[in-house]
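Below you'll find the structure, written out as structure tokens, and then a few comments.
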Amino acid sequence: MGIKRFTLEALDVNKKDQIPTHIRTPCSVRTALTCFCDLNCIPTRNIIRVLSDYAKDSTEAQTLLNLTDISSIEAKQQYITQIETPKQTLLSIFQKYPSIEIPLDHLLEILPIIPKRYYSISNYLPENSPNPQLEFTFSIFNQSPSEENHAFTDYGICSNWMKQLAKEAKQLDPLPTDTLMSPSRALEEEKLFLNNIELALPSNHGYYLPIIPRNITNFRLPLDLSIPVIMVATGTGISPFRGYLQYRKYQKQKVPNLELADAWLFYGCRHPERDFLFPELENFGQEGLVNLRTAFSRLNPDKVYVQQRLREESNIIYNLMVYKNARIYICGEANEMVKSVKETLISIINAESHKTTGNDLLASWISEKRFLLDIW
Ligand SMILES: Cc1cc2nc3c(=O)[nH]c(=O)nc-3n(C[C@H](O)[C@H](O)[C@H](O)COP(=O)(O)OP(=O)(O)OC[C@H]3O[C@@H](n4cnc5c(N)ncnc54)[C@H](O)[C@@H]3O)c2cc1C
Ligand SMILES: NC(=O)c1ccc[n+]([C@@H]2O[C@H](COP(=O)([O-])OP(=O)(O)OC[C@H]3O[C@@H](n4cnc5c(N)ncnc54)[C@H](OP(=O)(O)O)[C@@H]3O)[C@@H](O)[C@H]2O)c1
């Protein structure tokens with residue numbers, strides 16, 4: 001079957017409606033829907049209103065329209081509980097309201113651009129490195145169908161795409177180092193990439209992965225190695241800490257009698273043989289670069305989480321936090337984890353100090369930027 005190409009044109013030139021600039025035409029329908037438009041978005045009220053116009057079934061149309069009434073508190077609440085909180089994507093709306101028949105051009109007009117995803121760099125790159133490669137650590141996001149949510153598996157767009165790239169790239173020649181880009185060049189390249197997305201298919205050397213570096217604002221591990229740090233990571237949250245430990249190792253190699261302040265890493269993942277991705281962490285421990293405590297949640301019938309490991313080191317943690325001005329970093333996916341780690345730290349402070357100041361202390365460290373989070 002040949003590739004069908006089309007060009008979108010605004011039919012009514014007097015209308016303000018423009019073809020969204022993020023759709024680079026001409027392109028195939030598949031490219032528009034897989035590379036430019038976010039079919040997997042959580043539809044806004046505006047999108048739902050448009051969909052209701054195209055629902056052939058009047059009950060479906062009315063139900064959708066009801067969700068969009070911003071003057072009604074009840075409707076606002078319904079939108080939150082039915083769409084936002086269960087993360088109903090546009091695709092699941094189409095499934096739930098099968099009478100919606102929206103013309104392709106209008107659909108493309110209302111779909112937002114696929115948003116960028118953030119990934120932490122997980123290695124340390126010394127200046128003038130002979131082998132300047134950035135490493136990222138990512139887990140593949142797939143959510144099984146659930147009754148109230150989606151009728152089909154929810155495949156994370158970017159992580160599954162990168163998985164596919166990684167798989168295919170293995171079969172290709174390595175990328176020559178002269179193709180590595182400076183940040184400003186990367187920005188230009190991204191524009192180029194978007195213009196030529198269909199041309200950016202595998203060459204002999206690999207793929208372009210368009211990257212825009214983002215300056216970290218707060219979550220910055222101290223370059224000054226006399227500052228003690230307590231790092232708490234779950235899953236892919238290990239990324240920035242691995243880079244930091246590589247940095248400590250590099251500095252120690254450069255200046256062998258360099259005094260390193262205490263560094264503690266509490267790392268939780270599922271199983272030592274499945275997702276404990278960096279055995280080098282154990283070497284860092286043996287080399288005295290970090291005190292590593294691992295918590296494997298699926299090794300034994302009883303789950304072990306990082307909170308338990310923190311409690312086991314209560315006294316040391318307390319002294320580092322309260323008397324040595326240690327900085328505390330937490331990184332990982334689960335919001336629940338962060339909430340629970342905070343509570344653990346508060347209870348450690350209260351128990352060790354025999355007071356109830358844990359809450360206030362933690363709040364003051366947060367405002368002093370001594371307690372930092374990178375969560376998603
Ligand atoms: C600062 C930062 C650093 C990060 N670092 C890492 C890292 O080092 N490693 C790592 O693995 N991940 C990291 N992440 C998470 C990463 O950016 C992605 O969110 C993750 O990989 C999933 O992306 P995806 O495209 O595969 O999934 P998505 O396609 O984004 O889907 C993920 C879930 O979000 C829902 N969803 C989709 N669109 C929306 C929307 N518009 N609004 C709300 N929900 C929506 C989907 O239904 C699905 O349930 C980081 C995130 C941040 C913010
Ligand atoms: N890690 C993997 O092997 C893997 C594989 C495929 C897909 N994924 C998916 O990728 C996404 C992120 O994966 P990830 O590796 O970054 O993280 P993750 O595997 O979801 O979590 C990392 C660790 O944190 C634990 N954890 C969960 N809730 C916690 C809490 N409240 N307090 C403390 N620890 C907690 C997990 O334990 P439990 O999960 O055992 O409770 C696990 O040991 C998830 O959606 C996951 O489903 C992960």
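Note on naming: chains are A, B, ... as they come in the structure tokens, residues start from 1 per chain, ligands start from 1 in the order shown.
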
Collect all residues with atoms no farther than 6 Å from ligand 2, counting only C-alpha atoms and all ligand atoms, and output them as a tab-separated table (two decimals) with C-alpha atoms, in the first residue's frame.
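As a result, pocket.tsv now contains:
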```tsv
chain	number	residue	atom	x	y	z
A	139	SER	CA	11.62	2.92	32.67
A	140	ILE	CA	9.02	1.92	30.18
A	141	PHE	CA	5.63	3.20	31.11
A	234	THR	CA	13.49	4.99	44.07
A	235	GLY	CA	13.58	3.38	40.64
A	236	THR	CA	14.79	5.66	37.87
A	268	GLY	CA	14.85	1.44	46.55
A	269	CYS	CA	14.04	-0.73	43.57
A	270	ARG	CA	12.18	-3.94	43.00
A	275	ASP	CA	16.06	-3.40	38.12
A	296	PHE	CA	14.43	-4.30	47.45
A	297	SER	CA	10.67	-4.35	47.50
A	298	ARG	CA	10.06	-7.58	45.62
A	305	TYR	CA	11.16	0.39	51.22
A	306	VAL	CA	13.77	3.13	51.63
A	333	GLU	CA	8.45	8.68	40.53
A	334	ALA	CA	6.04	8.15	43.36
A	336	GLU	CA	3.44	8.67	47.81
A	337	MET	CA	7.06	7.78	48.35
```

Within 7 Å of ligand 1 (only C-alpha atoms and all ligand atoms), residues as an MDAnalysis selection string: chainID A and resid 40:42 87:89 117:121 136:141 143 154:160 236:237 239 374:376

Export C-alpha atoms of the chosen residues as a PDB file, in the first residue's frame?
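As written to disk, out.pdb reads:
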```
ATOM      1  CA  ASN A  40      -3.024  10.569  24.232  1.00  0.00           C
ATOM      2  CA  CYS A  41      -3.719  13.938  25.833  1.00  0.00           C
ATOM      3  CA  ILE A  42      -6.137  14.467  28.665  1.00  0.00           C
ATOM      4  CA  LYS A  87      -6.398  10.507  33.398  1.00  0.00           C
ATOM      5  CA  GLN A  88      -8.948   9.719  30.706  1.00  0.00           C
ATOM      6  CA  THR A  89      -7.137  10.249  27.450  1.00  0.00           C
ATOM      7  CA  ARG A 117       9.333  14.771  28.388  1.00  0.00           C
ATOM      8  CA  TYR A 118      12.021  15.358  30.959  1.00  0.00           C
ATOM      9  CA  TYR A 119      14.820  12.930  31.744  1.00  0.00           C
ATOM     10  CA  SER A 120      17.680  13.362  34.166  1.00  0.00           C
ATOM     11  CA  ILE A 121      21.196  12.856  32.943  1.00  0.00           C
ATOM     12  CA  PHE A 136      19.787   8.524  30.547  1.00  0.00           C
ATOM     13  CA  THR A 137      17.921   6.000  32.615  1.00  0.00           C
ATOM     14  CA  PHE A 138      14.294   5.426  31.883  1.00  0.00           C
ATOM     15  CA  SER A 139      11.624   2.917  32.671  1.00  0.00           C
ATOM     16  CA  ILE A 140       9.016   1.918  30.176  1.00  0.00           C
ATOM     17  CA  PHE A 141       5.633   3.203  31.111  1.00  0.00           C
ATOM     18  CA  GLN A 143      -0.420   0.730  32.309  1.00  0.00           C
ATOM     19  CA  ASP A 154      -1.882   2.782  28.086  1.00  0.00           C
ATOM     20  CA  TYR A 155       1.542   2.858  26.431  1.00  0.00           C
ATOM     21  CA  GLY A 156       3.687   5.791  27.505  1.00  0.00           C
ATOM     22  CA  ILE A 157       4.560   7.645  24.312  1.00  0.00           C
ATOM     23  CA  CYS A 158       8.141   8.686  24.869  1.00  0.00           C
ATOM     24  CA  SER A 159       9.434   5.771  26.921  1.00  0.00           C
ATOM     25  CA  ASN A 160       8.068   3.217  24.434  1.00  0.00           C
ATOM     26  CA  THR A 236      14.792   5.662  37.874  1.00  0.00           C
ATOM     27  CA  GLY A 237      15.236   8.385  40.497  1.00  0.00           C
ATOM     28  CA  SER A 239      19.778   8.951  37.705  1.00  0.00           C
ATOM     29  CA  ASP A 374      12.946  15.924  41.997  1.00  0.00           C
ATOM     30  CA  ILE A 375       9.800  13.916  41.533  1.00  0.00           C
ATOM     31  CA  TRP A 376       7.470  12.978  38.714  1.00  0.00           C
TER      32      TRP A 376
END
```

To one decimal place, how far is CA of Met231 (chain A) from CA of Gln251 (chain A) in Å? 18.8 Å

Point-to-point distance from CA of Asn46 (chain A) to CA of Ala75 (chain A), Å rounded to tenths: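 Those two atoms sit 13.6 Å apart.
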
Which residue of A:Val304, A:Leu345, A:Ile227, A:Ala295 approaches Ala326 (chain A) most closely, using only C-alpha atoms: A:Ile227

Step one, run DSSP on the backbone; step two, keep only residues of region 44-137 of chain A assigned to helix (DSSP H, G or I); then write them as an mmCIF file with N, CA and C atoms, in the first residue's frame.
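So the final result, stored in result19.cif, reads:
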```
data_model
loop_
_atom_site.group_PDB
_atom_site.id
_atom_site.type_symbol
_atom_site.label_atom_id
_atom_site.label_comp_id
_atom_site.auth_asym_id
_atom_site.auth_seq_id
_atom_site.Cartn_x
_atom_site.Cartn_y
_atom_site.Cartn_z
ATOM 1 N N ARG A 45 -11.596 20.968 28.600
ATOM 2 C CA ARG A 45 -13.047 21.183 28.442
ATOM 3 C C ARG A 45 -13.358 21.657 27.021
ATOM 4 N N ASN A 46 -12.484 22.494 26.467
ATOM 5 C CA ASN A 46 -12.717 22.980 25.104
ATOM 6 C C ASN A 46 -12.753 21.837 24.108
ATOM 7 N N ILE A 47 -11.819 20.919 24.266
ATOM 8 C CA ILE A 47 -11.792 19.775 23.336
ATOM 9 C C ILE A 47 -13.078 18.963 23.508
ATOM 10 N N ILE A 48 -13.474 18.767 24.763
ATOM 11 C CA ILE A 48 -14.695 17.964 25.003
ATOM 12 C C ILE A 48 -15.916 18.658 24.384
ATOM 13 N N ARG A 49 -15.914 19.993 24.464
ATOM 14 C CA ARG A 49 -17.053 20.724 23.878
ATOM 15 C C ARG A 49 -17.112 20.453 22.364
ATOM 16 N N VAL A 50 -15.978 20.505 21.716
ATOM 17 C CA VAL A 50 -15.958 20.243 20.264
ATOM 18 C C VAL A 50 -16.430 18.814 19.994
ATOM 19 N N LEU A 51 -15.950 17.876 20.808
ATOM 20 C CA LEU A 51 -16.345 16.478 20.595
ATOM 21 C C LEU A 51 -17.856 16.308 20.751
ATOM 22 N N SER A 52 -18.414 17.057 21.710
ATOM 23 C CA SER A 52 -19.865 16.912 21.932
ATOM 24 C C SER A 52 -20.636 17.352 20.685
ATOM 25 N N ASP A 53 -20.107 18.343 19.971
ATOM 26 C CA ASP A 53 -20.760 18.781 18.727
ATOM 27 C C ASP A 53 -20.836 17.655 17.704
ATOM 28 N N TYR A 54 -19.859 16.771 17.765
ATOM 29 C CA TYR A 54 -19.780 15.722 16.744
ATOM 30 C C TYR A 54 -20.344 14.387 17.217
ATOM 31 N N SER A 58 -27.590 11.761 20.932
ATOM 32 C CA SER A 58 -27.875 12.991 21.684
ATOM 33 C C SER A 58 -27.555 12.852 23.175
ATOM 34 N N THR A 59 -27.706 11.636 23.716
ATOM 35 C CA THR A 59 -27.386 11.457 25.152
ATOM 36 C C THR A 59 -25.887 11.631 25.353
ATOM 37 N N GLU A 60 -25.103 11.023 24.470
ATOM 38 C CA GLU A 60 -23.643 11.167 24.568
ATOM 39 C C GLU A 60 -23.255 12.632 24.442
ATOM 40 N N ALA A 61 -23.879 13.308 23.473
ATOM 41 C CA ALA A 61 -23.554 14.724 23.240
ATOM 42 C C ALA A 61 -23.828 15.542 24.502
ATOM 43 N N GLN A 62 -24.994 15.284 25.117
ATOM 44 C CA GLN A 62 -25.371 16.063 26.305
ATOM 45 C C GLN A 62 -24.439 15.749 27.482
ATOM 46 N N THR A 63 -24.104 14.459 27.648
ATOM 47 C CA THR A 63 -23.216 14.078 28.764
ATOM 48 C C THR A 63 -21.875 14.794 28.619
ATOM 49 N N LEU A 64 -21.361 14.817 27.399
ATOM 50 C CA LEU A 64 -20.077 15.482 27.171
ATOM 51 C C LEU A 64 -20.191 16.979 27.426
ATOM 52 N N LEU A 65 -21.276 17.542 26.899
ATOM 53 C CA LEU A 65 -21.453 18.995 27.050
ATOM 54 C C LEU A 65 -21.553 19.380 28.524
ATOM 55 N N ASN A 66 -22.239 18.544 29.297
ATOM 56 C CA ASN A 66 -22.397 18.835 30.731
ATOM 57 C C ASN A 66 -21.046 18.970 31.440
ATOM 58 N N ILE A 73 -20.459 24.370 39.528
ATOM 59 C CA ILE A 73 -19.491 23.707 40.421
ATOM 60 C C ILE A 73 -19.577 22.199 40.242
ATOM 61 N N GLU A 74 -20.800 21.729 40.062
ATOM 62 C CA GLU A 74 -20.999 20.282 39.915
ATOM 63 C C GLU A 74 -20.299 19.767 38.652
ATOM 64 N N ALA A 75 -20.451 20.541 37.559
ATOM 65 C CA ALA A 75 -19.829 20.124 36.294
ATOM 66 C C ALA A 75 -18.307 20.157 36.413
ATOM 67 N N LYS A 76 -17.800 21.171 37.110
ATOM 68 C CA LYS A 76 -16.342 21.263 37.305
ATOM 69 C C LYS A 76 -15.835 20.031 38.045
ATOM 70 N N GLN A 77 -16.584 19.652 39.078
ATOM 71 C CA GLN A 77 -16.196 18.500 39.882
ATOM 72 C C GLN A 77 -16.257 17.223 39.039
ATOM 73 N N GLN A 78 -17.318 17.152 38.195
ATOM 74 C CA GLN A 78 -17.457 15.961 37.343
ATOM 75 C C GLN A 78 -16.284 15.836 36.385
ATOM 76 N N TYR A 79 -15.850 16.979 35.834
ATOM 77 C CA TYR A 79 -14.713 16.942 34.911
ATOM 78 C C TYR A 79 -13.476 16.406 35.641
ATOM 79 N N ILE A 80 -13.296 16.874 36.867
ATOM 80 C CA ILE A 80 -12.120 16.433 37.629
ATOM 81 C C ILE A 80 -12.199 14.938 37.936
ATOM 82 N N THR A 81 -13.368 14.501 38.419
ATOM 83 C CA THR A 81 -13.442 13.087 38.842
ATOM 84 C C THR A 81 -13.539 12.130 37.654
ATOM 85 N N GLN A 82 -14.163 12.600 36.561
ATOM 86 C CA GLN A 82 -14.351 11.666 35.436
ATOM 87 C C GLN A 82 -13.219 11.724 34.407
ATOM 88 N N ILE A 83 -12.564 12.871 34.286
ATOM 89 C CA ILE A 83 -11.564 13.008 33.222
ATOM 90 C C ILE A 83 -10.147 13.193 33.799
ATOM 91 N N GLU A 84 -9.982 14.245 34.588
ATOM 92 C CA GLU A 84 -8.633 14.607 35.042
ATOM 93 C C GLU A 84 -8.011 13.563 35.956
ATOM 94 N N LEU A 90 -7.830 11.161 25.343
ATOM 95 C CA LEU A 90 -8.759 11.369 24.247
ATOM 96 C C LEU A 90 -9.204 10.025 23.651
ATOM 97 N N LEU A 91 -8.243 9.109 23.562
ATOM 98 C CA LEU A 91 -8.576 7.799 22.983
ATOM 99 C C LEU A 91 -9.641 7.096 23.806
ATOM 100 N N SER A 92 -9.529 7.221 25.132
ATOM 101 C CA SER A 92 -10.539 6.534 25.951
ATOM 102 C C SER A 92 -11.894 7.231 25.844
ATOM 103 N N ILE A 93 -11.880 8.544 25.581
ATOM 104 C CA ILE A 93 -13.167 9.237 25.364
ATOM 105 C C ILE A 93 -13.827 8.692 24.091
ATOM 106 N N PHE A 94 -13.020 8.501 23.059
ATOM 107 C CA PHE A 94 -13.577 7.951 21.813
ATOM 108 C C PHE A 94 -14.189 6.571 22.057
ATOM 109 N N GLN A 95 -13.528 5.815 22.933
ATOM 110 C CA GLN A 95 -14.065 4.478 23.231
ATOM 111 C C GLN A 95 -15.366 4.560 24.002
ATOM 112 N N LYS A 96 -15.392 5.479 24.945
ATOM 113 C CA LYS A 96 -16.557 5.576 25.820
ATOM 114 C C LYS A 96 -17.759 6.188 25.099
ATOM 115 N N LEU A 104 -11.372 14.518 10.254
ATOM 116 C CA LEU A 104 -9.940 14.491 10.563
ATOM 117 C C LEU A 104 -9.345 15.892 10.683
ATOM 118 N N ASP A 105 -9.721 16.792 9.746
ATOM 119 C CA ASP A 105 -9.078 18.117 9.780
ATOM 120 C C ASP A 105 -9.428 18.861 11.066
ATOM 121 N N HIS A 106 -10.662 18.694 11.528
ATOM 122 C CA HIS A 106 -11.023 19.381 12.767
ATOM 123 C C HIS A 106 -10.337 18.732 13.969
ATOM 124 N N LEU A 107 -10.222 17.416 13.915
ATOM 125 C CA LEU A 107 -9.523 16.719 15.001
ATOM 126 C C LEU A 107 -8.088 17.232 15.108
ATOM 127 N N LEU A 108 -7.416 17.313 13.968
ATOM 128 C CA LEU A 108 -6.017 17.761 13.989
ATOM 129 C C LEU A 108 -5.899 19.190 14.500
ATOM 130 N N GLU A 109 -6.922 19.982 14.201
ATOM 131 C CA GLU A 109 -6.897 21.377 14.676
ATOM 132 C C GLU A 109 -6.963 21.480 16.187
ATOM 133 N N ILE A 110 -7.730 20.566 16.816
ATOM 134 C CA ILE A 110 -7.918 20.717 18.269
ATOM 135 C C ILE A 110 -6.880 19.955 19.089
#
```

Would you list the contacts of Val232 (chain A) as a PDB file with N, CA and C atoms, in the first residue's frame, taking every protein, DNA or RNA residue within 8 Å and counting only C-alpha atoms, but skipping same-chain residues closer than 2 positions in sequence?
```
ATOM      1  N   ILE A 230      22.511  13.531  51.910  1.00  0.00           N
ATOM      2  CA  ILE A 230      21.696  12.330  52.102  1.00  0.00           C
ATOM      3  C   ILE A 230      20.814  12.224  50.861  1.00  0.00           C
ATOM      4  N   THR A 234      14.166   6.244  44.421  1.00  0.00           N
ATOM      5  CA  THR A 234      13.489   4.993  44.067  1.00  0.00           C
ATOM      6  C   THR A 234      13.493   4.881  42.540  1.00  0.00           C
ATOM      7  N   LEU A 265      23.409   7.091  50.428  1.00  0.00           N
ATOM      8  CA  LEU A 265      22.430   6.857  49.354  1.00  0.00           C
ATOM      9  C   LEU A 265      21.489   5.739  49.782  1.00  0.00           C
ATOM     10  N   PHE A 266      20.209   6.084  49.895  1.00  0.00           N
ATOM     11  CA  PHE A 266      19.178   5.087  50.195  1.00  0.00           C
ATOM     12  C   PHE A 266      18.451   4.833  48.885  1.00  0.00           C
ATOM     13  N   TYR A 267      18.596   3.619  48.381  1.00  0.00           N
ATOM     14  CA  TYR A 267      18.074   3.352  47.037  1.00  0.00           C
ATOM     15  C   TYR A 267      17.084   2.189  47.057  1.00  0.00           C
ATOM     16  N   VAL A 306      12.682   2.266  51.129  1.00  0.00           N
ATOM     17  CA  VAL A 306      13.773   3.125  51.632  1.00  0.00           C
ATOM     18  C   VAL A 306      13.483   3.682  53.031  1.00  0.00           C
ATOM     19  N   ILE A 328      19.576  17.286  51.822  1.00  0.00           N
ATOM     20  CA  ILE A 328      18.777  16.069  51.624  1.00  0.00           C
ATOM     21  C   ILE A 328      18.109  16.144  50.254  1.00  0.00           C
ATOM     22  N   TYR A 329      18.266  15.079  49.503  1.00  0.00           N
ATOM     23  CA  TYR A 329      17.715  15.040  48.139  1.00  0.00           C
ATOM     24  C   TYR A 329      16.831  13.809  47.993  1.00  0.00           C
ATOM     25  N   ILE A 330      15.670  14.014  47.384  1.00  0.00           N
ATOM     26  CA  ILE A 330      14.798  12.861  47.112  1.00  0.00           C
ATOM     27  C   ILE A 330      14.434  12.866  45.633  1.00  0.00           C
ATOM     28  N   CYS A 331      14.563  11.726  45.001  1.00  0.00           N
ATOM     29  CA  CYS A 331      14.283  11.680  43.565  1.00  0.00           C
ATOM     30  C   CYS A 331      13.593  10.366  43.196  1.00  0.00           C
TER      31      CYS A 331
END
```

Got a sec: who's within 7 Å of Ser99 (chain A), counting only C-alpha atoms, leaving out chain neighbours fewer than 2 positions off, as number ranges by chain? A: 55-57, 97, 101

Could you write out the selected residues, including C-alpha atoms, as a tab-separated table (two decimals), in the first residue's frame?
```tsv
chain	number	residue	atom	x	y	z
A	55	ALA	CA	-21.47	13.08	18.92
A	56	LYS	CA	-24.28	11.61	16.83
A	57	ASP	CA	-26.06	10.21	19.88
A	97	TYR	CA	-18.56	7.74	23.40
A	101	GLU	CA	-17.50	11.23	14.41
```

Region 200-304 of chain A: residues DSSP assigns to strand (DSSP E or B), reported as a list in words: Val229, Ile230, Met231, Val232, Ala233, Thr234, Ala263, Trp264, Leu265, Phe266, Tyr267, Gly268, Cys269, Asn291, Leu292, Arg293, Thr294, Ala295 and Phe296 of chain A
